[in-house]
Amino acid sequence: MAEVLYYFSFDSFYPDANSIYVVHENFKADKSSDKMTSYPRVSGAIAPGLKSEVPGIEAATRLNNIGPSVFYTEDKNSYEALFSLADECLFDVLPRPIISGNPKEILKSPMLCMVSSTIAEAIGGNVIGKVIELKEYPEKKLTISGIFKALPENTNYKYDVIISMTSTPRFFSWDGSQNWLGNDRYYAAVKLAPGVSPKSLAPAVRAMQVKNQDIENLEKQQGGEILKYSFKPIQKLYSDGIKDMALILATIAFAVLFVSLLNYTLLTLSALIKRAKSSAIHKTCGAQSHNLLQLIFSETVLLFVISFVGAIITIWLLKPIAEAQLGHKLSSTLTASVVGTLMVLVVVLIFATSYFPGRFFARIPVATAFNNYRQKKNKWKLALLSVQFVGATFILTMLIVVSMQYNKALTTDHGYQTQGVYYGSTSGIEGNRVSILLDELKSMPRVENVGLGYCMPTEWASGNNVKSPDGEKDLFNIADLYWIDENYLSILGIPVSEGETFSRKNSVDNDLLISEKGAAKLRLINGWNQVVGQQIDISQHGMSTIRGIFPDFIIKSITNPDLRPAIFHYHSKEKFEQLKAENPSNSFYVLVKVDEKYQQGMLKKITDTFNQFSPHKDAIVKSLEQEQKLNYQSENGFRKTMMAGNVVILLITVIGLLGYTTNEATRRRKELAIRRINGATLGNIIWAFVLDLAYIALPAILIGLVFAWITATKWMQNFESKITLHWALFALCCLFILVSIAIIAAVNYARTARHNPVESLRYE
């Protein structure tokens, strides 16, 4: 429950968080479609443009993510941090406590930066004036000029080090910070004036576009609306993206809590029947109803305190496992809003679990209590038990669906090969040594092939536009996987279905391969019968010749795939080396294909080879197979959450069922004795009692299955490739629960039915 509440606490730590909005760019990824795609990044000039030209916006800022990077201090120690470029207005919109330095001045000055308190402590505390260098950007020296309090984990945009936006030309070959169109990589946040709503800004935003983007002319060329901006509350940015996950986790939490509540009530009321004489004695000695309520309340509070201590110890023991699955520290969930909500929930539970049993205890008549008081009705118990059956069925069925879907995600053909494929970045390696690195890797035993490329299929792809033959219109957006050599596709097992693959003989730099989806669009839009051999104009690349067509494959993951057509451009090994030599910050991947039968120890051997060419001996080599699995970490964590919930709720249901059958057998022990005396066999007696329970269990199980089907259908909308929700799956879950109930009930009833009938009737 704390995890669900944590999702909704994102960015609530900012003062005036209700007034902060993130600017989204809405555009048509496919010009033939009317659907607008929303993207939380914009061009560089948008944020300052909104501040200067749109009344109602108090402040605006922009950040440009560089990403995680290793950096070195002057004493050659290395650290890892998240880096981002930011303008001088950052703390006007997204304020953090400043420990040292003047952010306004620092973020205006080239090659100055501010570090978080966590990074400052790691380096040694006194960091002002120290110089650091990023591994990916050798010889780019940054001076630490300020310290800010580290961001908590529950934020949409994370950074440990912020570099002045004016430093952009030092890190990128092209400075797009003043760009009104294109280079849409800037995270823009605005703070609205009191009483201003995002919708009211639309006319002024449109006027800004007309003035600076010539948007009306562009719309005429493209034949309709192509670009507009919207504002989303920063506090809802994260929770809106995981609504389905949060809903299911909340359902699990409430199912466990509700079933626990009913089970506790069931067991407590059964126990209080045996304490009927105690109630009568209290009343005889002058106790009032409220005194008996207080008694039950105090007992309940004591049990809750014991349970709370047990829960804290359990969470502490499972902390490393839980944090690895959740991807954040458990302490991050302990915000005031989360803890406050949970405390209110605990108070409600204490009241519910003490008031109703206490009221029942206080209302037991004194006269009947001394006359072997026994409750004659059991319908309320069956009602409570049936709800437990609903919860147990729902959780078990969801667990099976989630496990099957997770396994399908991992085993589904993604369109490329991962086994035996390793890759590492050339970051920090000199351009003229790349060839030697390739030769060293090729000479290693068990290495089958070595290649070069800028992107991996498990990563997000950048976007560029395919232009019309006359160059006047953007036809559609593509997932640009940039440059590869002639070995890249064969290492990943990606075939070319039409035309020819890249080769040193037949390909020249900047030749193009396009996916089947992209080729189909070109045939439809341009009216081409033959795509191979045609030339197309792609933004950032210019004119390129299509040499071949490859089947579409899954980019990133099945859960969140990039559905755009994909392209590769060709670079020879010499071109890769030349670009690296000209710009040491220009990094790419070296791919290594290993014999699948002999992978053990190869990751370390390849890493050691990379380290021979890395100045700081800190090369990172990854397994493509493991990286693909990491893309499904949240689904795996969800599966394990379901498993934990399933174990708990089944255990609670078993305890409740044991409590009910024990109490029922005790209540009806005379009936059992009379049946035995009249010749009924043990099997006849057990069957009769189990059948009574089945009449309640079957409808409850069917209700649980319906809830599970609805929830599973909604959850699986997140997947491109889904399992089939076959009726047999639900039938097996139903059968399992029914058989489990029958076995538990039969064992418990049999124990009572075996007693000597004389013992049950001796007091009659």
# chains A, B, ... in the order shown; residues from 1 in each chain; ligands from 1
call {"tool": "residues_around", "arguments": {"residues": "Glu627 (chain A)", "least_positions_apart": "2", "cutoff": "10 Å", "atoms": "only C-alpha atoms", "output": "list of chain:residue names"}}
result
A:Thr418, A:Tyr422, A:Met456, A:Pro457, A:Thr458, A:Glu459, A:Lys556, A:Lys622, A:Ser623, A:Leu624, A:Glu625, A:Lys629, A:Leu630, A:Asn631, A:Tyr632, A:Gln633
call {"tool": "write_last_selection", "arguments": {"atoms": "C-alpha atoms", "output": "PDB file, in the first residue's frame"}}
result
ATOM      1  CA  THR A 418      20.658 -11.892 -27.712  1.00  0.00           C
ATOM      2  CA  TYR A 422      28.095  -8.630 -25.590  1.00  0.00           C
ATOM      3  CA  MET A 456      21.236  -1.261 -29.324  1.00  0.00           C
ATOM      4  CA  PRO A 457      17.675  -2.599 -29.804  1.00  0.00           C
ATOM      5  CA  THR A 458      17.097  -2.568 -26.024  1.00  0.00           C
ATOM      6  CA  GLU A 459      17.539   1.236 -25.883  1.00  0.00           C
ATOM      7  CA  LYS A 556      13.038  -1.322 -26.273  1.00  0.00           C
ATOM      8  CA  LYS A 622      27.101  -5.717 -20.965  1.00  0.00           C
ATOM      9  CA  SER A 623      25.280  -8.861 -21.994  1.00  0.00           C
ATOM     10  CA  LEU A 624      22.502  -8.081 -24.466  1.00  0.00           C
ATOM     11  CA  GLU A 625      20.504 -11.005 -23.059  1.00  0.00           C
ATOM     12  CA  LYS A 629      15.617  -8.950 -19.219  1.00  0.00           C
ATOM     13  CA  LEU A 630      16.249  -5.678 -17.350  1.00  0.00           C
ATOM     14  CA  ASN A 631      13.700  -4.000 -19.627  1.00  0.00           C
ATOM     15  CA  TYR A 632      11.095  -6.240 -17.970  1.00  0.00           C
ATOM     16  CA  GLN A 633      12.253  -5.614 -14.407  1.00  0.00           C
TER      17      GLN A 633
END
call {"tool": "residues_around", "arguments": {"residues": "Leu437 (chain A)", "least_positions_apart": "3", "cutoff": "8 Å", "atoms": "only C-alpha atoms", "output": "count of residues only"}}
result
7
call {"tool": "select_by_dssp", "arguments": {"residues": "region 229-395 of chain A", "states": "helix (DSSP H, G or I)", "output": "ChimeraX atom specification"}}
result
/A:237-241,243-274,276-284,289-326,330-333,336-362,366-369,379-395
call {"tool": "residues_around", "arguments": {"residues": "region 73-87 of chain A", "least_positions_apart": "4", "cutoff": "7 Å", "atoms": "only C-alpha atoms", "output": "list in words"}}
result
Thr61, Arg62, Leu63, Asn64, Asn65, Ile66, Gly67, Pro68, Ser69, Leu107, Lys108, Val131, Ile132, Glu133, Tyr159, Asp160, Val161, Ile162, Ile163, Ser164 and Met165 of chain A
call {"tool": "residues_around", "arguments": {"residues": "Leu657 (chain A)", "least_positions_apart": "3", "cutoff": "10 Å", "atoms": "only C-alpha atoms", "output": "VMD selection string"}}
result
chain A and resid 263 266 to 267 382 385 to 386 388 to 389 651 to 654 660 to 663 693 741 744 to 745 748
call {"tool": "write_last_selection", "arguments": {"atoms": "C-alpha atoms", "output": "PDB file, in the first residue's frame"}}
result
ATOM      1  CA  ASN A 263     -10.712 -13.517   8.789  1.00  0.00           C
ATOM      2  CA  LEU A 266     -14.490 -14.560  11.888  1.00  0.00           C
ATOM      3  CA  LEU A 267     -11.915 -16.073  14.241  1.00  0.00           C
ATOM      4  CA  LEU A 382     -20.248 -18.247   5.459  1.00  0.00           C
ATOM      5  CA  LEU A 385     -15.659 -16.917   4.261  1.00  0.00           C
ATOM      6  CA  SER A 386     -17.074 -16.460   0.760  1.00  0.00           C
ATOM      7  CA  GLN A 388     -12.100 -14.695   1.366  1.00  0.00           C
ATOM      8  CA  PHE A 389     -12.661 -17.217  -1.418  1.00  0.00           C
ATOM      9  CA  LEU A 651      -2.533 -18.490   4.072  1.00  0.00           C
ATOM     10  CA  ILE A 652      -5.160 -16.204   5.573  1.00  0.00           C
ATOM     11  CA  THR A 653      -7.923 -18.047   3.720  1.00  0.00           C
ATOM     12  CA  VAL A 654      -6.626 -21.424   4.944  1.00  0.00           C
ATOM     13  CA  TYR A 660     -14.749 -22.003  10.310  1.00  0.00           C
ATOM     14  CA  THR A 661     -14.656 -25.800   9.944  1.00  0.00           C
ATOM     15  CA  THR A 662     -13.374 -26.258  13.503  1.00  0.00           C
ATOM     16  CA  ASN A 663     -16.107 -24.049  14.886  1.00  0.00           C
ATOM     17  CA  LEU A 693     -19.324 -25.540   1.904  1.00  0.00           C
ATOM     18  CA  ILE A 741     -11.056 -26.078   0.099  1.00  0.00           C
ATOM     19  CA  ILE A 744      -8.727 -28.706   4.128  1.00  0.00           C
ATOM     20  CA  ALA A 745     -12.381 -29.003   5.169  1.00  0.00           C
ATOM     21  CA  ASN A 748     -10.691 -30.924   9.719  1.00  0.00           C
TER      22      ASN A 748
END
call {"tool": "residues_around", "arguments": {"residues": "Thr559 (chain A)", "least_positions_apart": "6", "cutoff": "10 Å", "atoms": "only C-alpha atoms", "output": "PyMOL selection string"}}
result
chain A and resi 406+409+631-632+634-635+716-722
call {"tool": "closest_residue", "arguments": {"among": "A:Ser278, A:Gln600, A:Thr397, A:Gln178", "to": "Leu732 (chain A)", "atoms": "only C-alpha atoms"}}
result
A:Thr397
call {"tool": "residues_around", "arguments": {"residues": "Ile215 (chain A)", "least_positions_apart": "4", "cutoff": "12 Å", "atoms": "only C-alpha atoms", "output": "list of chain:residue names"}}
result
A:Trp180, A:Leu181, A:Val205, A:Arg206, A:Ala207, A:Met208, A:Gln209, A:Val210, A:Lys211, A:Glu219, A:Lys220, A:Gln221, A:Gln222, A:Gly223, A:Gly224, A:Glu225, A:Ile226, A:Leu227, A:Lys228
call {"tool": "select_by_dssp", "arguments": {"residues": "region 496-679 of chain A", "states": "strand (DSSP E or B)", "output": "PyMOL selection string"}}
result
chain A and resi 498-499+512-515+535-538+542-550+566-570+589-594+621-623
call {"tool": "closest_atom_pairs", "arguments": {"of": "region 456-476 of chain A", "to": "region 527-542 of chain A", "cutoff": "6 Å", "atoms": "only C-alpha atoms", "output": "CSV"}}
result
residue,atom,partner,partner_atom,distance
A:Asn464,CA,A:Ser539,CA,5.6
A:Asn465,CA,A:Ser539,CA,5.5
A:Val466,CA,A:Ile538,CA,4.7
A:Lys467,CA,A:Asp537,CA,5.5
call {"tool": "atom_distance", "arguments": {"atom1": "CA of Glu216 (chain A)", "atom2": "CA of Asn477 (chain A)"}}
result
20.6 Å
call {"tool": "atom_distance", "arguments": {"atom1": "CA of Leu729 (chain A)", "atom2": "CA of Leu399 (chain A)"}}
result
11.7 Å
call {"tool": "residues_around", "arguments": {"residues": "Met642 (chain A)", "least_positions_apart": "2", "cutoff": "8 Å", "atoms": "only C-alpha atoms", "output": "JSON, numbers by chain"}}
result
{"A": [252, 395, 398, 399, 638, 639, 640, 644, 645, 646]}
call {"tool": "atom_distance", "arguments": {"atom1": "CA of Pro110 (chain A)", "atom2": "CA of Ile128 (chain A)"}}
result
16.0 Å
